[in-house]
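Remarks on the structure that follows.
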Amino acid sequence: MANYTKQEIIDLVKDNDVKFIRLQFTDMFGILKNVAIPSSQLNRVLNSGCMFDGSSIDGFARIEESDMQLVPDLNTFVIFPWRPQQGRVARIICDVEKTDGTAFEGCPRHILKKVLKDAADMGYTLNVGPECEFFLFATDAEGAPTTITHDEGGYFDMAPVDRGEDCRREIVLTLENMGFEIEASHHEVAQGQHEIDFKYDDALTTADNIMTFKLVVKTIAQKHGLYATFMPKPIFGINGSGMHANQSLSKNGVNAFFDETDALQLSADAYSYIAGLMQNVKSIAAVTNPLVNSYKRLVPGYEAPVYIAWSAKNRSPLIRIPAARGAGTRVELRCPDPSCNPYLALALMLAAGLKGIKEKLTPPEAVNKNIFAMTAEERAAEGIENLPGSLMEAVDEMKANPLVREVLGDHVFELYTAEKEHEWNQYRLTVHQWELDNYLAKF
Amino acid sequence: MNSVRISLVTGNDETNEKLSAILSSEGYSVIGSHVSGGDALRMVRAHVPDLIMINYNLPDMTGRELASIICADNICPVVMLVASNERVYCEDLVDEMNVVIIEKPMTKLQILNTIDITLQQAKLIKALESKITKLSDSLESRKVIDRAKSILILSNPDASEEEIYSAMRTASMNQRMPLKRIGELVIDGKLDMKTLSAM
């Protein structure tokens, strides 16, 4: 994250012929929203924010409390590199405040900041490194996305060319241009699936980065005539897209998860964090895996986690401890998918981990054998539980745990659970193609 | 003579076929003809035609959008087919991105002539661009070397300009580094006269 003053931003806008500035924020469901202002308004907005009508945005406010203020976070100023050289466009990420200057309780960024403050009060900073997967699909003649990857499309190719690779390369270059530090980018297991990992950073910056990342991926894909999707399981039978979250706490600039005297070289804090995550993962699933479709990914056979266990040896548990130690010691939670709201997801992961530390919880033994090969009885005997099997189960778990309501606040908690229940009901009541295929001709 | 490779995006199959027939009969190679802009984008990045003809009206995006993307990434010259009332929306494309416009209805002769001229122009522009790049590189190098020389002259009043330049040139030869690179190292303070003469 850069460190800009108001004057530096004004100068950058002038020197780079920036015509519009997009004031960006995220709604509680993780959708990026924006209000674009012409550069002539920049000075005013930097000094006194930008008013907007919150009631028009899903889950923001009722009509009575509709006037909201967008307050720019100067450090997030960035000029989009893909726009034309003349009349460029920049963006600033904003916090949402009420007109009296207090933070709006429905602003996800504010919710994350609250938990980060709790952590800071205990002396901890949370660092997160996400591994984001996505699919690149072709579009049809009307521009609508399909689930056809370029390999199967009907072009008259003379040589098989993976256009996805070109697109991914341009995405990485664009992200680096915007200040990201990309650690790795590669084609994933499934056809048309890609992964880009960027360097860990403090949780707030990472959450901002995840939103920016999704915007860049979608934009560059469109420039290539492709459609990028972060939907967790777009195609049955092949791997889905996850967003593994590598987390570590640091205290006084040093990694608090590392302890070289321990058998696994993990500290007591690390074990308690793991225990906190395991204790609460079912209750936060409705936020880390927010879609009906998310639960179609959390099934055995596709490298996605299903059972609640941790391991330093297995590659596909819910919580994995990568081999790195020292400054790189971290805990990897593998269930979240990229359709989540990163601010809320990180806030809840951190709150769960901190609860583990506050209450000095100890995790169960690590499970180093293949859980997928165990029977249900064996798993029950070892106390290994499952992640929720559907969005409805996840919402029920969420309602049963006071921690989630405490972190999200009543406003977001009520609106979020209500919307998810509605989403589930719509899905449940729809007659799906599968039912027609399997029942129509038979009965 | 190599066949010129052309892509077509006209928004409907009929026009695609007609244009395709005209172009092929004149010896051009139509390497792709598409209805949708998305299709065309995917194709154009993989196969980089020598020229693309785009209709203003497309089912999934405007020809404008497609042309902007292709010109911004400098993929190939663009010829846009517009109706007379659409022409006014393309003026900025002509000015800022060098897109060539043909107004419909168009004759076979118009199409062929326009393609010829566009290709010729594109070739000329490419040659000029390459020359400009060479010249600016050369100018850059010259500036860096001169700056390095003056730094060395100031810090070594006893040495003559010839001696300094000769030392730089010898070092460049012995180290198999471009003279510009030697200059950069001097400017960064990583090389002084002593180390230079020893190289």
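In the structure tokens, each chain is lettered A, B, ... as it comes, each chain's residues begin at 1, and ligands are numbered from 1 in order of appearance.
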
| query | Which chain B residues are at most 9 Å from chain A (counting only C-alpha atoms), as a PyMOL selection string? | reply | chain B and resi 11+31-32+34-43+45-47+58-61+66+68-70+72

| query | Which residues, written as an NGL selection string, have at least one atom at most 7 Å from region 291-303 of chain A, with only C-alpha atoms counted and residues fewer than 4 positions away on the same chain left out? | reply | :A and (232-233 or 239-240 or 316 or 372 or 389-391 or 424)

| message | Restricting the calculation to only C-alpha atoms: of B:Ile187, B:Leu135, B:Leu19, B:Met173, which residue gets closest to Lys149 (chain B)? | response |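 Of B:Ile187, B:Leu135, B:Leu19, B:Met173, the one nearest Lys149 (chain B) is B:Ile187, counting only C-alpha atoms.
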
| Hey, what does DSSP flag as helix (DSSP H, G or I) within region 70-167 of chain B? Can you give it to me as a ChimeraX atom specification? | /B:70-72,87-97,108-155,161-167

| query | Using only C-alpha atoms, which of B:Asn156, B:Glu14, B:Arg142, B:Ser7 sits nearest Cys76 (chain B)? | reply |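 Looking only at the distances to Cys76 (chain B), the closest residue turns out to be B:Ser7.
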
| task | List every residue of chain B that DSSP, applied to the backbone, labels as strand (DSSP E), and write the result as a list of chain:residue names. | result |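 After running DSSP on the backbone, chain B has strand (DSSP E) at B:Arg5, B:Ile6, B:Ser7, B:Leu8, B:Val9, B:Ser29, B:Val30, B:Ile31, B:Gly32, B:Ser33, B:His34, B:Leu51, B:Ile52, B:Met53, B:Ile54, B:Asn55, B:Val78, B:Val79, B:Met80, B:Leu81, B:Val82, B:Val100, B:Ile101, B:Ile102, B:Glu103.
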